[in-house]
Amino acid sequence: MRVFKNHRHAISLLACAVPIAALAGGGSIDRTVVAAANGEVVISNVSGTIDVRGWDRNEVQVIGHLGDDVERLDVESGGSRTFVKVVLPRGNSHDGEAVIEVRVPKASSVEVSAVSADVSSHGVLGTQRLKSVSGEITADIAGDESEVKSVSGDVTVRGSGKPLSLRMSSVSGNLDLLNAAGKLDVVTVSGDARVTMGEASEVRGRTTSGEFELRAKLTPDGRVDLEGVSGDMTLRLSAPGGLSTEIESFSGDIEGCLADNVERVSKYGPGVRLNVRAAETGGARVRAKTLSGSIDICDR
Amino acid sequence: MTGQFFGRRVKRIDELAQDLPPGRDLWPAISAGIAQAIEAEKGASAPTVASSAGRYYWRPASALAAAVALVAVGMWIGRAMTLPSGDGMVASTPGAAENGAALIPTAWQRDEKYREQRNALLVEVQVRLQAMPAAERDKVGASLATLRRSIGEIEAALGRDPANALLQELLVNSCQEEMRALTAVRDAGSQES
């Protein structure tokens with residue numbers, strides 16, 4: 001009896017998980033488990049699609065279709081976490097394709113991992129961590145501390161317009177962000193990044209050869225810190241108290257409506273810079289540096 | 001450029017005359033100027049002999065303090081660089097520690113360690129790239145090559161302008177970025193297991 005008491009939680013967890021996990025082989029799927037209103041849902045699928053949707057029920061529902069090469073779908077719920085995993089046969093880690101739609105309580109945190117599967121997410125209000133290797137990611141992001149990562153797949157994210165903290169990174173995929181606000185960290189190697197933000201308090205960005213385009217209304221004490229190697233940057237920024245800039249390019253150009261203030265870094269060496277001070281002290285600050293890329297900046 | 005060789009263009013600096021005398025003797029004027037300066041200093045310091053003496057009195061002490069400070073800084077730098085014992089030491093070669101020889105500070109090993117980690121990462125990345133579909137492999141491989149080429153460009157620019165702070169910053173950040181990208185590619189698809 002004492003042993004039973006000690007293992008009561010584990011047994012109840014198993015009782016909950018086992019019947020749900022026993023879906024084997026290909027074909028249509030429709031599974032539902034009870035989930036916490038603001039719990040965490042962890043989803044993984046190698047190939048195919050993952051479509052996540054927030055809804056008003058305290059349940060996680062998985063519907064879709066499993067390819068013939070898929071071994072099974074595991075849906076396990078325990079405590080505040082729910083796991084949805086498309087399992088492939090051992091030694092066949094790429095061919096099994098599954099198309100799944102996962103409905104989650106809208107206040108959930110969501111973590112998605114994919115290899116070549118395309119990922120989409122809509123209507124989720126909690127933190128989202130979306131990761132794909134070559135699949136495309138399309139998501140509406142409203143949760144703070146969210147993160148979207150890709151290796152070669154393109155990423156399109158739409159913010160809620162409310163301030164949040166978001167990280168986006170890619171190696172060769174393009175990154176597009178619309179209607180975001182708050183804090184942003186963007187990193188890309190050769191992919192292009194296009195960012196449109198409302199009230200931006202902090203933007204950090206880095207690109208190696210990809211182009212970087214940032215359009216934002218900075219908060220009065222907003223900060224922008226960008227760095228590039230050969231990629232060009234286009235910055236359309238405004239702030240209530242004006243902008244202070246610290247912009248430098250080693251062998252590229254600085255252009256735009258502030259270009260009248262561009263000066264050479266040294267009389268005889270290469271390099272140009274644009275250092276201007278905002279009309280009001282303590283105003284928004286923009287720092288951008290590049291090796292050979294050009295920087296086009298305007299505050300209108 | 002011409003000069004006394006008016007009519008013949010001088011092409012190298014060593015073609016300029018080495019022993020041209022000035023048009024007039026400059027020393028009398030220089031000597032008079034020095035004498036005047038000495039007289040002026042004597043006149044100015046006469047009423048404040050005591051303070052002047054005090055200043056001269058403190059000069060040896062200041063020099064001594066500076067020397068002591070210099071020695072102290074030197075000792076501190078020496079200690080920081082040599083790390084005589086403890087965890088901060090690593091063997092430069094396998095088995096060297098047992099021999100009690102060839103111990104060098106970890107701080108000096110940083111580049112070597114970075115290279116080792118990068119090489120190990122490259123091996124894993126190569127495996128991962130081979131497992132990718134051809135189109136994706138080409139795309140990711142091209143990005144990694146771009147990163148490496150960028151680092152090479154920055155290093156080349158630094159070679160021409162070693163003190164350039166912008167280039168130094170770009171180099172460090174690009175190396176970090178390369179490691180981040182390599183790690184991302186290595187870990188790509190790790191969720192499949």
# chains A, B, ... in the order shown; residues from 1 in each chain; ligands from 1

call {"tool": "interface_residues", "arguments": {"of": "chain B", "to": "chain A", "cutoff": "8 Å", "atoms": "only C-alpha atoms", "output": "list in words"}}
result
Glu136, Lys139, Val140, Ser143, Leu144, Thr146, Leu147, Ser150, Ile154, Leu166, Leu167, Leu170, Ser174, Ala181, Ala184, Val185, Ala188, Gly189, Gln191, Glu192 and Ser193 of chain B

call {"tool": "select_by_dssp", "arguments": {"residues": "stretch 120-193 of chain B", "states": "alpha helix (DSSP H)", "output": "PyMOL selection string"}}
result
chain B and resi 120-131+134-160+165-187

call {"tool": "residues_around", "arguments": {"residues": "A:Gly54", "least_positions_apart": "2", "cutoff": "6 Å", "atoms": "only C-alpha atoms", "output": "list in words"}}
result
Arg103, Val104, Pro105, Lys106, Gly123 and Val124 of chain A

call {"tool": "closest_residue", "arguments": {"among": "A:Asp299, A:Glu111, A:Glu202, A:Asp185", "to": "A:Gly242", "atoms": "only C-alpha atoms"}}
result
A:Asp299

call {"tool": "atom_distance", "arguments": {"atom1": "atom CA of A:Gly252", "atom2": "atom CA of A:Tyr268"}}
result
15.8 Å

call {"tool": "closest_residue", "arguments": {"among": "B:Leu171, B:Gly141, B:Lys113, B:Val123", "to": "B:Glu155", "atoms": "only C-alpha atoms"}}
result
B:Leu171

call {"tool": "atom_distance", "arguments": {"atom1": "atom CA of A:Leu178", "atom2": "atom CA of A:Leu164"}}
result
13.1 Å

call {"tool": "atom_distance", "arguments": {"atom1": "atom CA of A:Asn38", "atom2": "atom CA of A:Val119"}}
result
21.2 Å

call {"tool": "closest_residue", "arguments": {"among": "A:Val52, A:Ala142, A:Val286, A:Val148", "to": "A:Val203", "atoms": "only C-alpha atoms"}}
result
A:Val286

call {"tool": "decode", "arguments": {"residues": "stretch 128-144 of chain B", "atoms": "all heavy atoms", "output": "tab-separated table (two decimals), in the first residue's frame"}}
result
chain	number	residue	atom	x	y	z
B	128	ARG	N	26.42	16.12	-40.86
B	128	ARG	CA	25.04	16.61	-40.94
B	128	ARG	C	24.69	17.08	-42.35
B	128	ARG	O	23.61	16.81	-42.87
B	128	ARG	CB	24.86	17.76	-39.93
B	128	ARG	CG	23.51	18.38	-39.90
B	128	ARG	CD	22.41	17.41	-39.53
B	128	ARG	NE	22.54	16.92	-38.16
B	128	ARG	CZ	21.78	15.96	-37.63
B	128	ARG	NH1	20.85	15.38	-38.37
B	128	ARG	NH2	21.95	15.59	-36.38
B	129	LEU	N	25.66	17.77	-42.99
B	129	LEU	CA	25.42	18.26	-44.35
B	129	LEU	C	25.20	17.10	-45.32
B	129	LEU	O	24.36	17.16	-46.21
B	129	LEU	CB	26.60	19.12	-44.82
B	129	LEU	CG	26.67	20.55	-44.27
B	129	LEU	CD1	27.97	21.22	-44.68
B	129	LEU	CD2	25.49	21.38	-44.75
B	130	GLN	N	25.98	16.03	-45.12
B	130	GLN	CA	25.84	14.87	-46.01
B	130	GLN	C	24.46	14.25	-45.91
B	130	GLN	O	23.96	13.68	-46.87
B	130	GLN	CB	26.90	13.81	-45.65
B	130	GLN	CG	28.33	14.22	-45.99
B	130	GLN	CD	28.51	14.55	-47.46
B	130	GLN	OE1	27.93	13.93	-48.32
B	130	GLN	NE2	29.32	15.58	-47.75
B	131	ALA	N	23.85	14.38	-44.72
B	131	ALA	CA	22.53	13.78	-44.52
B	131	ALA	C	21.41	14.65	-45.08
B	131	ALA	O	20.27	14.21	-45.17
B	131	ALA	CB	22.31	13.54	-43.03
B	132	MET	N	21.75	15.88	-45.47
B	132	MET	CA	20.70	16.79	-45.96
B	132	MET	C	20.41	16.54	-47.44
B	132	MET	O	21.28	16.09	-48.18
B	132	MET	CB	21.16	18.25	-45.81
B	132	MET	CG	21.14	18.78	-44.40
B	132	MET	SD	21.72	20.50	-44.36
B	132	MET	CE	21.49	20.89	-42.63
B	133	PRO	N	19.21	16.86	-47.88
B	133	PRO	CA	18.92	16.82	-49.32
B	133	PRO	C	19.88	17.77	-50.06
B	133	PRO	O	20.30	18.79	-49.49
B	133	PRO	CB	17.48	17.34	-49.41
B	133	PRO	CG	16.91	17.12	-48.05
B	133	PRO	CD	18.03	17.25	-47.09
B	134	ALA	N	20.16	17.45	-51.32
B	134	ALA	CA	21.20	18.18	-52.06
B	134	ALA	C	20.96	19.69	-52.10
B	134	ALA	O	21.89	20.49	-51.87
B	134	ALA	CB	21.30	17.62	-53.47
B	135	ALA	N	19.72	20.09	-52.37
B	135	ALA	CA	19.42	21.53	-52.51
B	135	ALA	C	19.69	22.26	-51.20
B	135	ALA	O	20.29	23.35	-51.18
B	135	ALA	CB	17.98	21.72	-52.94
B	136	GLU	N	19.23	21.64	-50.12
B	136	GLU	CA	19.42	22.26	-48.81
B	136	GLU	C	20.90	22.30	-48.42
B	136	GLU	O	21.40	23.28	-47.88
B	136	GLU	CB	18.63	21.46	-47.76
B	136	GLU	CG	18.58	22.13	-46.41
B	136	GLU	CD	17.94	21.23	-45.38
B	136	GLU	OE1	17.17	20.32	-45.77
B	136	GLU	OE2	18.22	21.41	-44.20
B	137	ARG	N	21.58	21.19	-48.75
B	137	ARG	CA	23.02	21.11	-48.45
B	137	ARG	C	23.77	22.23	-49.16
B	137	ARG	O	24.62	22.90	-48.57
B	137	ARG	CB	23.56	19.75	-48.87
B	137	ARG	CG	25.05	19.58	-48.61
B	137	ARG	CD	25.51	18.15	-48.81
B	137	ARG	NE	25.25	17.67	-50.16
B	137	ARG	CZ	24.54	16.60	-50.47
B	137	ARG	NH1	23.98	15.88	-49.52
B	137	ARG	NH2	24.36	16.21	-51.72
B	138	ASP	N	23.42	22.46	-50.43
B	138	ASP	CA	24.08	23.51	-51.20
B	138	ASP	C	23.82	24.88	-50.58
B	138	ASP	O	24.72	25.72	-50.48
B	138	ASP	CB	23.59	23.51	-52.65
B	138	ASP	CG	24.06	22.25	-53.38
B	138	ASP	OD1	24.94	21.54	-52.84
B	138	ASP	OD2	23.52	21.96	-54.47
B	139	LYS	N	22.57	25.10	-50.19
B	139	LYS	CA	22.18	26.40	-49.63
B	139	LYS	C	22.91	26.69	-48.32
B	139	LYS	O	23.49	27.76	-48.14
B	139	LYS	CB	20.66	26.38	-49.41
B	139	LYS	CG	20.00	27.73	-49.36
B	139	LYS	CD	18.49	27.56	-49.28
B	139	LYS	CE	17.81	28.87	-48.94
B	139	LYS	NZ	16.39	28.70	-48.65
B	140	VAL	N	22.89	25.70	-47.44
B	140	VAL	CA	23.53	25.88	-46.13
B	140	VAL	C	25.05	25.95	-46.30
B	140	VAL	O	25.73	26.78	-45.67
B	140	VAL	CB	23.13	24.74	-45.17
B	140	VAL	CG1	23.89	24.84	-43.86
B	140	VAL	CG2	21.63	24.77	-44.92
B	141	GLY	N	25.58	25.06	-47.17
B	141	GLY	CA	27.03	25.07	-47.40
B	141	GLY	C	27.50	26.41	-47.93
B	141	GLY	O	28.55	26.93	-47.52
B	142	ALA	N	26.69	27.00	-48.83
B	142	ALA	CA	27.05	28.31	-49.38
B	142	ALA	C	27.06	29.37	-48.28
B	142	ALA	O	27.93	30.26	-48.27
B	142	ALA	CB	26.07	28.69	-50.48
B	143	SER	N	26.12	29.29	-47.36
B	143	SER	CA	26.08	30.27	-46.27
B	143	SER	C	27.31	30.15	-45.37
B	143	SER	O	27.91	31.15	-44.97
B	143	SER	CB	24.83	30.06	-45.42
B	143	SER	OG	23.70	30.43	-46.16
B	144	LEU	N	27.67	28.90	-45.07
B	144	LEU	CA	28.85	28.70	-44.21
B	144	LEU	C	30.11	29.19	-44.94
B	144	LEU	O	31.01	29.76	-44.31
B	144	LEU	CB	28.98	27.22	-43.83
B	144	LEU	CG	27.84	26.68	-42.95
B	144	LEU	CD1	28.04	25.20	-42.67
B	144	LEU	CD2	27.72	27.45	-41.63
